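Structure file model.txt (compact mmCIF, C-alpha atoms and all ligand atoms) is printed below.
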# COMPACT_ATOMS: atom_id res chain seq x y z
CA MET A 216 115.30 84.29 138.33
CA THR A 217 115.50 80.53 138.48
CA VAL A 218 113.22 77.68 137.57
CA ALA A 219 112.74 75.72 140.74
CA ASP A 220 110.21 72.99 141.30
CA GLU A 221 108.55 74.65 144.26
CA LEU A 222 105.77 72.11 144.62
CA HIS A 223 103.26 74.57 143.21
CA PRO A 224 100.02 72.57 142.90
CA VAL A 225 99.69 73.30 139.20
CA ILE A 226 103.11 74.01 137.75
CA HIS A 227 104.53 70.76 138.92
CA GLU A 228 106.17 67.55 137.78
CA GLY A 229 103.68 65.08 136.30
CA ARG A 230 101.00 67.71 135.59
CA VAL A 231 99.94 68.59 132.04
CA ALA A 232 100.70 71.73 130.01
CA VAL A 233 99.09 72.60 126.68
CA ILE A 234 100.75 75.39 124.72
CA THR A 235 99.46 76.94 121.49
CA GLY A 236 101.90 78.70 119.20
CA ALA A 237 104.58 76.51 120.71
CA ALA A 238 106.83 76.16 117.66
CA SER A 239 108.79 79.37 118.29
CA GLY A 240 109.42 82.35 120.52
CA ILE A 241 107.66 82.57 123.88
CA GLY A 242 105.64 79.37 123.35
CA LYS A 243 108.76 77.34 122.61
CA ALA A 244 110.57 78.82 125.61
CA ALA A 245 107.55 77.91 127.76
CA ALA A 246 107.64 74.31 126.49
CA LEU A 247 111.34 73.99 127.27
CA THR A 248 110.85 75.53 130.71
CA PHE A 249 107.94 73.21 131.55
CA ALA A 250 110.06 70.27 130.36
CA LYS A 251 112.76 71.21 132.89
CA LEU A 252 110.04 71.11 135.56
CA GLY A 253 108.90 67.65 134.43
CA LEU A 254 105.40 68.49 133.20
CA LYS A 255 103.80 66.47 130.41
CA ILE A 256 103.51 68.74 127.41
CA ALA A 257 101.23 69.06 124.39
CA ILE A 258 102.56 71.47 121.80
CA ALA A 259 100.32 72.92 119.10
CA ASP A 260 101.19 75.21 116.20
CA LEU A 261 100.67 75.78 112.49
CA GLU A 262 104.36 75.29 111.74
CA GLU A 263 104.57 71.51 111.50
CA ALA A 264 108.30 71.16 110.78
CA LYS A 265 109.38 73.42 113.66
CA LEU A 266 106.85 71.76 115.93
CA ALA A 267 108.19 68.29 115.09
CA GLU A 268 111.75 69.45 115.78
CA LEU A 269 110.77 70.79 119.19
CA GLY A 270 108.79 67.60 119.81
CA LYS A 271 111.95 65.52 119.31
CA GLN A 272 113.84 67.68 121.76
CA LEU A 273 111.07 67.34 124.36
CA VAL A 274 110.83 63.57 123.88
CA GLY A 275 114.59 63.42 124.54
CA GLN A 276 114.01 65.13 127.89
CA LEU A 277 110.65 63.70 128.97
CA GLY A 278 110.17 60.44 127.07
CA GLU A 279 107.66 59.63 124.33
CA ALA A 280 104.71 59.05 126.67
CA ASN A 281 104.94 62.57 128.06
CA VAL A 282 104.91 64.61 124.86
CA LEU A 283 102.16 65.23 122.31
CA VAL A 284 102.88 67.05 119.08
CA VAL A 285 99.61 68.21 117.56
CA PRO A 286 99.75 70.45 114.47
CA THR A 287 96.86 72.85 115.05
CA ASP A 288 95.44 76.00 113.60
CA VAL A 289 93.76 77.62 116.62
CA SER A 290 91.45 79.60 114.37
CA LYS A 291 89.80 76.32 113.26
CA ILE A 292 87.46 74.92 115.88
CA ASP A 293 87.62 71.33 114.55
CA GLN A 294 91.42 71.35 114.94
CA VAL A 295 91.13 72.71 118.48
CA VAL A 296 88.62 69.99 119.35
CA ARG A 297 91.07 67.38 118.00
CA LEU A 298 93.83 68.88 120.18
CA LYS A 299 91.63 68.65 123.26
CA ASP A 300 90.61 65.07 122.45
CA ARG A 301 94.24 64.01 122.00
CA VAL A 302 95.26 65.55 125.33
CA TYR A 303 92.36 64.14 127.37
CA GLU A 304 92.71 60.68 125.77
CA ALA A 305 96.40 60.63 126.67
CA TRP A 306 96.40 62.22 130.11
CA GLY A 307 92.82 62.94 131.25
CA GLU A 308 93.52 66.48 132.44
CA VAL A 309 95.01 69.87 131.62
CA SER A 310 96.64 71.84 134.39
CA VAL A 311 98.36 74.67 132.50
CA LEU A 312 96.58 75.92 129.40
CA MET A 313 98.67 78.53 127.65
CA ASN A 314 96.92 80.46 124.89
CA ASN A 315 99.99 81.91 123.30
CA ALA A 316 99.48 81.67 119.49
CA GLY A 317 99.43 85.13 117.98
CA ILE A 318 100.23 87.06 114.83
CA GLY A 319 101.20 90.66 114.23
CA ALA A 320 99.65 91.21 110.77
CA LYS A 321 99.12 94.90 110.19
CA GLY A 322 95.81 96.70 109.79
CA THR A 323 95.20 100.44 109.97
CA SER A 324 91.88 102.13 110.73
CA TRP A 325 90.84 102.21 107.08
CA GLY A 326 93.22 99.70 105.47
CA GLY A 327 94.24 96.04 105.55
CA LEU A 328 90.77 94.54 105.88
CA ASP A 329 92.03 90.99 105.17
CA ASN A 330 94.59 91.36 107.94
CA TRP A 331 91.88 92.57 110.36
CA HIS A 332 90.02 89.35 109.77
CA LYS A 333 93.17 87.19 110.02
CA ILE A 334 94.40 88.80 113.20
CA PHE A 335 91.05 88.51 114.95
CA GLU A 336 90.67 84.89 113.81
CA VAL A 337 93.98 83.98 115.46
CA ASN A 338 94.56 86.42 118.32
CA LEU A 339 90.96 86.56 119.55
CA PHE A 340 88.99 83.62 118.13
CA GLY A 341 91.98 81.30 118.61
CA ILE A 342 91.59 81.87 122.35
CA VAL A 343 87.78 81.82 122.25
CA ASN A 344 87.93 78.45 120.44
CA VAL A 345 90.32 77.01 123.01
CA GLN A 346 88.32 78.33 125.98
CA GLN A 347 85.03 77.00 124.61
CA THR A 348 86.60 73.60 123.97
CA PHE A 349 88.78 73.06 127.05
CA VAL A 350 87.14 74.92 129.93
CA PRO A 351 84.06 72.67 130.34
CA SER A 352 86.37 69.66 130.80
CA MET A 353 88.81 71.54 133.03
CA LEU A 354 85.95 72.49 135.35
CA HIS A 355 85.27 68.80 135.97
CA GLN A 356 88.82 68.01 137.03
CA GLU A 357 89.59 67.50 140.67
CA ASN A 358 93.01 69.11 140.43
CA GLN A 359 93.63 72.84 140.25
CA ALA A 360 94.44 74.36 136.87
CA VAL A 361 95.46 77.69 135.33
CA ILE A 362 94.63 79.34 132.02
CA ILE A 363 97.19 81.84 130.79
CA ASN A 364 96.01 84.08 127.95
CA THR A 365 98.61 86.19 126.17
CA GLY A 366 97.63 89.81 125.74
CA SER A 367 99.90 92.75 125.03
CA LYS A 368 100.70 96.19 126.40
CA GLN A 369 99.42 97.36 123.01
CA GLY A 370 95.99 96.05 124.00
CA ILE A 371 96.05 98.29 127.09
CA THR A 372 97.81 101.54 126.17
CA ASN A 373 96.90 101.33 122.46
CA PRO A 374 99.98 103.00 120.88
CA PRO A 375 99.42 104.21 117.30
CA GLY A 376 100.87 101.96 114.57
CA ASN A 377 98.86 98.74 114.30
CA ALA A 378 95.20 99.33 115.07
CA ALA A 379 94.23 95.74 114.21
CA TYR A 380 96.77 94.15 116.56
CA ASN A 381 95.92 96.60 119.36
CA ALA A 382 92.19 95.95 119.01
CA SER A 383 92.68 92.17 119.00
CA LYS A 384 94.78 92.31 122.16
CA ALA A 385 92.33 94.73 123.84
CA ALA A 386 89.70 92.06 123.17
CA VAL A 387 91.97 89.43 124.75
CA LYS A 388 92.21 91.58 127.89
CA SER A 389 88.45 91.93 128.01
CA LEU A 390 87.70 88.24 127.45
CA THR A 391 90.31 87.14 130.00
CA GLU A 392 88.94 89.49 132.67
CA GLY A 393 85.49 88.02 131.99
CA LEU A 394 86.89 84.49 132.16
CA ALA A 395 88.60 85.20 135.50
CA HIS A 396 85.34 86.47 136.95
CA GLU A 397 83.27 83.55 135.65
CA LEU A 398 85.79 81.02 136.98
CA ARG A 399 85.81 82.76 140.36
CA GLU A 400 82.03 82.32 140.53
CA GLN A 401 82.34 78.53 140.17
CA PRO A 402 81.68 76.60 143.40
CA ASP A 403 85.12 74.91 143.49
CA GLN A 404 87.19 77.83 142.17
CA ASN A 405 89.64 75.20 140.92
CA VAL A 406 90.60 76.97 137.71
CA THR A 407 92.10 80.47 137.59
CA ALA A 408 92.74 82.76 134.64
CA HIS A 409 95.77 85.00 134.12
CA LEU A 410 96.45 87.77 131.61
CA PHE A 411 100.09 87.49 130.53
CA ILE A 412 101.34 90.80 129.11
CA PRO A 413 104.87 90.31 127.76
CA GLY A 414 107.29 93.19 127.48
CA TRP A 415 109.52 93.55 124.43
CA THR A 416 110.68 89.98 123.84
CA PHE A 417 113.05 88.91 121.08
CA THR A 418 111.14 86.27 119.07
CA GLY A 419 110.01 85.45 115.54
CA LEU A 420 107.29 88.08 115.88
CA THR A 421 109.56 90.94 116.94
CA GLY A 422 112.62 89.70 115.00
CA ALA A 423 110.69 89.44 111.73
CA ASP A 424 112.39 92.59 110.50
CA GLY A 425 115.62 90.64 110.03
CA LEU A 426 117.31 91.25 113.38
CA LYS A 427 119.63 88.33 114.04
CA ALA A 428 120.68 89.06 117.61
CA LYS A 429 118.60 90.13 120.61
CA PRO A 430 118.63 93.94 120.87
CA PRO A 431 119.85 95.10 124.31
CA GLY A 432 116.42 96.55 125.19
CA ALA A 433 114.55 93.28 124.68
CA TRP A 434 114.28 90.28 126.99
CA SER A 435 114.86 86.77 125.75
CA ALA A 436 111.78 84.55 125.49
CA GLU A 437 113.09 82.48 128.40
CA GLU A 438 113.42 85.54 130.68
CA THR A 439 109.84 86.54 129.86
CA VAL A 440 108.54 83.02 130.56
CA LEU A 441 110.38 82.73 133.88
CA TYR A 442 108.97 86.06 135.04
CA MET A 443 105.48 84.96 133.97
CA LEU A 444 105.76 81.70 135.90
CA ASP A 445 106.88 83.47 139.07
CA ARG A 446 103.82 85.72 138.89
CA VAL A 447 101.41 82.85 138.12
CA ARG A 448 102.80 81.01 141.14
CA LEU A 449 102.00 84.09 143.25
CA GLY A 450 98.44 84.10 141.89
CA ASP A 451 98.60 87.43 140.00
CA PHE A 452 95.94 88.02 137.37
CA TYR A 453 97.68 90.87 135.49
CA ILE A 454 101.20 89.76 134.64
CA LEU A 455 102.77 92.92 133.24
CA VAL A 456 106.29 91.93 132.23
CA PRO A 457 109.11 94.48 132.07
CA ASP A 458 112.08 94.39 129.68
CA ASN A 459 115.51 96.03 129.60
CA GLU A 460 114.06 99.23 128.19
CA THR A 461 110.80 99.62 130.11
CA LYS A 462 110.72 99.07 133.83
CA LYS A 463 107.61 98.21 135.80
CA GLU A 464 107.05 101.76 137.12
CA VAL A 465 107.06 103.19 133.58
CA ASP A 466 104.39 100.69 132.51
CA GLN A 467 102.31 101.46 135.60
CA LEU A 468 102.34 105.18 134.87
CA ARG A 469 101.52 104.67 131.18
CA VAL A 470 98.55 102.45 132.06
CA MET A 471 97.25 105.02 134.55
CA TRP A 472 97.64 107.85 132.02
CA GLY A 473 95.59 105.89 129.46
CA ALA A 474 92.82 105.22 132.00
CA ALA A 475 92.80 108.91 132.95
CA ASP A 476 92.09 109.85 129.28
CA VAL A 477 88.68 108.25 129.83
CA ALA A 478 88.11 109.40 133.39
CA GLU A 479 89.16 113.02 132.73
CA GLY A 480 87.67 113.35 129.24
CA ARG A 481 90.96 114.07 127.46
CA PRO A 482 91.33 113.46 123.69
CA ALA A 483 91.84 109.84 122.59
CA LEU A 484 95.44 108.66 122.97
CA SER A 485 96.45 111.99 124.48
CA ARG A 486 99.89 110.53 125.17
CA TRP A 487 100.61 111.02 121.46
CA HIS A 488 98.66 114.31 121.09
CA PRO A 489 100.92 117.33 120.45
CA ASN A 490 98.98 119.49 122.95
CA TYR A 491 99.57 116.96 125.73
CA LYS A 492 103.21 116.05 125.01
CA ALA A 493 104.71 118.37 127.62
CA LEU A 494 102.07 117.44 130.22
CA PHE A 495 102.66 113.71 129.67
CA GLU A 496 106.42 114.13 130.00
CA GLU A 497 106.03 116.09 133.22
CA TYR A 498 103.60 113.44 134.56
CA MET A 499 106.14 110.69 133.84
CA ARG A 500 109.01 112.64 135.45
CA GLU A 501 107.02 113.39 138.58
CA GLY A 502 105.49 109.94 138.78
CA LEU A 503 108.83 108.20 138.49
CA SER A 504 110.45 110.42 141.12
CA GLN A 505 107.60 109.58 143.53
CA LEU A 506 107.62 105.85 142.81
CA GLU A 507 111.40 105.43 143.07
N1 LIG A 601 107.49 89.14 121.38
C1 LIG A 601 106.96 90.18 121.99
O1 LIG A 601 107.62 91.20 122.25
C2 LIG A 601 105.51 90.11 122.41
C3 LIG A 601 105.00 91.20 123.15
C4 LIG A 601 103.67 91.16 123.55
C5 LIG A 601 102.89 90.07 123.24
N2 LIG A 601 103.40 89.05 122.51
C6 LIG A 601 102.52 87.91 122.21
O2 LIG A 601 103.16 86.71 122.61
C7 LIG A 601 102.65 85.62 121.84
C8 LIG A 601 103.81 84.82 121.27
O3 LIG A 601 104.48 85.62 120.34
P1 LIG A 601 106.03 85.47 119.99
O4 LIG A 601 106.62 86.83 120.16
O5 LIG A 601 106.63 84.33 120.69
O6 LIG A 601 105.93 85.24 118.41
P2 LIG A 601 106.35 84.03 117.48
O7 LIG A 601 105.96 84.45 116.09
O8 LIG A 601 107.76 83.63 117.73
O9 LIG A 601 105.41 82.84 117.97
C9 LIG A 601 104.04 82.79 117.67
C10 LIG A 601 103.70 81.36 117.27
O10 LIG A 601 102.29 81.29 117.02
C11 LIG A 601 102.10 80.44 115.90
N3 LIG A 601 100.81 80.68 115.26
C12 LIG A 601 100.44 81.72 114.49
N4 LIG A 601 99.18 81.55 114.04
C13 LIG A 601 98.75 80.37 114.57
C14 LIG A 601 97.54 79.64 114.47
N5 LIG A 601 96.51 80.09 113.71
N6 LIG A 601 97.43 78.47 115.13
C15 LIG A 601 98.45 77.99 115.88
N7 LIG A 601 99.64 78.63 116.00
C16 LIG A 601 99.77 79.80 115.35
C17 LIG A 601 103.26 80.78 114.97
O11 LIG A 601 103.47 79.75 113.99
C18 LIG A 601 104.41 80.93 115.96
O12 LIG A 601 105.09 79.71 116.15
C19 LIG A 601 101.73 86.24 120.78
O13 LIG A 601 100.39 86.14 121.21
C20 LIG A 601 102.17 87.70 120.75
O14 LIG A 601 101.15 88.56 120.31
C21 LIG A 601 104.69 89.04 122.08
Would you write the structure of this file as structure tokens?
Amino acid sequence: MTVADELHPVIHEGRVAVITGAASGIGKAAALTFAKLGLKIAIADLEEAKLAELGKQLVGQLGEANVLVVPTDVSKIDQVVRLKDRVYEAWGEVSVLMNNAGIGAKGTSWGGLDNWHKIFEVNLFGIVNVQQTFVPSMLHQENQAVIINTGSKQGITNPPGNAAYNASKAAVKSLTEGLAHELREQPDQNVTAHLFIPGWTFTGLTGADGLKAKPPGAWSAEETVLYMLDRVRLGDFYILVPDNETKKEVDQLRVMWGAADVAEGRPALSRWHPNYKALFEEYMREGLSQLE
């Protein structure tokens, strides 16, 4: 995969990218990738020191006039409004809006109530705040634009372990599907929405358990971003990203199994139900042999 300036109407030199959660991980890799392509970039994050450091690096590449560093808590609407005002005052448009800020705080079905609130405030309402603030202005732009919301495979297949995170990312899938439909109904259809579903990516979020080096199964944040950009360029809505452990076909089969729980009336999360273990394994074996 390479980053080439392919004259895509949106991801293009001189256009404007806004990235939330840009101080580390996937957001930072996206900022550095957009900088290579010559976009103007606004970076927003809670982590002011890391954000300022990245800002300096971007200014070195793009020049002061093409970088905005805006410390922002996406869960606070007034801070999101300030971010939008800064961007429109400076550049008058947004062409790539990347809702990437996210946290992995843990909440189980009957525990961690504070974390449930925190995770929904950031992972869901962070995006709702940004959409409500930016989309009305983006609709009035002449140029095409894209909105990339970051979901998770956990919001689709719902693996046991962190009910709060899964539910927040399931909500992101739902709100992004709704956004895509509503944008499609607009007369100009100038803005499109995309659900970015990273695979296992080595970042602050997944490396929080003290891992210093990227595990072989994970992708680097840059690999994940490059894959995402290729798919946005092709116009995909669902951008289901593989990693070194889980290939695309495995994800496809897991998603279809989850949907079939509903359609066929199986128990919830039958993939992890002891009575369905053998059946699920056989389904994966057969499915993979047919797809390959
Ligand atoms: N890394 C993975 O394997 C993976 C997989 C699926 C989805 N994701 C999603 O990708 C996105 C990026 O995660 P990452 O892995 O790069 O993690 P990361 O922790 O490296 O980056 C997340 C960034 O979001 C920022 N942030 C947190 N709360 C914020 C707030 N209220 N306002 C503004 N910024 C805030 C953090 O300071 C951090 O810089 C998240 O939405 C995450 O859920 C990651």
Pick out the residues no farther than 6 Å from ligand LIG 601 (chain A), counting all atoms listed in the file, and list them as a VMD selection string. chain A and resid 235 to 242 260 to 262 287 to 290 315 to 318 337 365 to 367 413 to 421
Given only C-alpha atoms as the basis, pick out the residue of A:Ile226, A:Met499, A:Val296, A:Leu494 nearest to A:Ile362. A:Ile226
Please indicate the distance in Å from atom CA of A:Glu357 to atom CA of A:Leu312, rounded to one decimal place. 15.7 Å
Just the residues within 10 Å of A:Ala360, please, counting all atoms listed in the file, with nothing from its chain fewer than 3 positions along; format it as JSON, numbers by chain. {"A": [224, 225, 226, 230, 231, 232, 308, 309, 310, 311, 312, 353, 354, 356, 357, 404, 405, 406, 407, 408]}
So, with only C-alpha atoms as the atoms that count, which of A:Phe349, A:Ser383, A:Arg486, A:Gly253 lies closest to A:Val233? A:Phe349
Extract, using all atoms listed in the file, all DNA, RNA and protein residues at most 12 Å from stretch 435-443 of chain A, discarding same-chain residues fewer than 3 positions from it, and format them as a PyMOL selection string. chain A and resi 216-219+226+237+239-249+251-252+313+315+363-365+409-422+428-432+446-459
Expected file: the selected residues, C-alpha atoms, as an mmCIF file, in the frame of the given file:
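Result file is part_24.cif:
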data_model
loop_
_atom_site.group_PDB
_atom_site.id
_atom_site.type_symbol
_atom_site.label_atom_id
_atom_site.label_comp_id
_atom_site.auth_asym_id
_atom_site.auth_seq_id
_atom_site.Cartn_x
_atom_site.Cartn_y
_atom_site.Cartn_z
ATOM 1 C CA MET A 216 115.300 84.290 138.330
ATOM 2 C CA THR A 217 115.500 80.530 138.480
ATOM 3 C CA VAL A 218 113.220 77.680 137.570
ATOM 4 C CA ALA A 219 112.740 75.720 140.740
ATOM 5 C CA ILE A 226 103.110 74.010 137.750
ATOM 6 C CA ALA A 237 104.580 76.510 120.710
ATOM 7 C CA SER A 239 108.790 79.370 118.290
ATOM 8 C CA GLY A 240 109.420 82.350 120.520
ATOM 9 C CA ILE A 241 107.660 82.570 123.880
ATOM 10 C CA GLY A 242 105.640 79.370 123.350
ATOM 11 C CA LYS A 243 108.760 77.340 122.610
ATOM 12 C CA ALA A 244 110.570 78.820 125.610
ATOM 13 C CA ALA A 245 107.550 77.910 127.760
ATOM 14 C CA ALA A 246 107.640 74.310 126.490
ATOM 15 C CA LEU A 247 111.340 73.990 127.270
ATOM 16 C CA THR A 248 110.850 75.530 130.710
ATOM 17 C CA PHE A 249 107.940 73.210 131.550
ATOM 18 C CA LYS A 251 112.760 71.210 132.890
ATOM 19 C CA LEU A 252 110.040 71.110 135.560
ATOM 20 C CA MET A 313 98.670 78.530 127.650
ATOM 21 C CA ASN A 315 99.990 81.910 123.300
ATOM 22 C CA ILE A 363 97.190 81.840 130.790
ATOM 23 C CA ASN A 364 96.010 84.080 127.950
ATOM 24 C CA THR A 365 98.610 86.190 126.170
ATOM 25 C CA HIS A 409 95.770 85.000 134.120
ATOM 26 C CA LEU A 410 96.450 87.770 131.610
ATOM 27 C CA PHE A 411 100.090 87.490 130.530
ATOM 28 C CA ILE A 412 101.340 90.800 129.110
ATOM 29 C CA PRO A 413 104.870 90.310 127.760
ATOM 30 C CA GLY A 414 107.290 93.190 127.480
ATOM 31 C CA TRP A 415 109.520 93.550 124.430
ATOM 32 C CA THR A 416 110.680 89.980 123.840
ATOM 33 C CA PHE A 417 113.050 88.910 121.080
ATOM 34 C CA THR A 418 111.140 86.270 119.070
ATOM 35 C CA GLY A 419 110.010 85.450 115.540
ATOM 36 C CA LEU A 420 107.290 88.080 115.880
ATOM 37 C CA THR A 421 109.560 90.940 116.940
ATOM 38 C CA GLY A 422 112.620 89.700 115.000
ATOM 39 C CA ALA A 428 120.680 89.060 117.610
ATOM 40 C CA LYS A 429 118.600 90.130 120.610
ATOM 41 C CA PRO A 430 118.630 93.940 120.870
ATOM 42 C CA PRO A 431 119.850 95.100 124.310
ATOM 43 C CA GLY A 432 116.420 96.550 125.190
ATOM 44 C CA ARG A 446 103.820 85.720 138.890
ATOM 45 C CA VAL A 447 101.410 82.850 138.120
ATOM 46 C CA ARG A 448 102.800 81.010 141.140
ATOM 47 C CA LEU A 449 102.000 84.090 143.250
ATOM 48 C CA GLY A 450 98.440 84.100 141.890
ATOM 49 C CA ASP A 451 98.600 87.430 140.000
ATOM 50 C CA PHE A 452 95.940 88.020 137.370
ATOM 51 C CA TYR A 453 97.680 90.870 135.490
ATOM 52 C CA ILE A 454 101.200 89.760 134.640
ATOM 53 C CA LEU A 455 102.770 92.920 133.240
ATOM 54 C CA VAL A 456 106.290 91.930 132.230
ATOM 55 C CA PRO A 457 109.110 94.480 132.070
ATOM 56 C CA ASP A 458 112.080 94.390 129.680
ATOM 57 C CA ASN A 459 115.510 96.030 129.600
#
With only C-alpha atoms as the basis for distance, which of A:Ile371, A:Ala264, A:Val343, A:Ala395 is at the shortest distance from A:Leu484? A:Ile371
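Interatomic distance, atom CA of A:Glu392 against atom CA of A:Val361: 13.7 Å.
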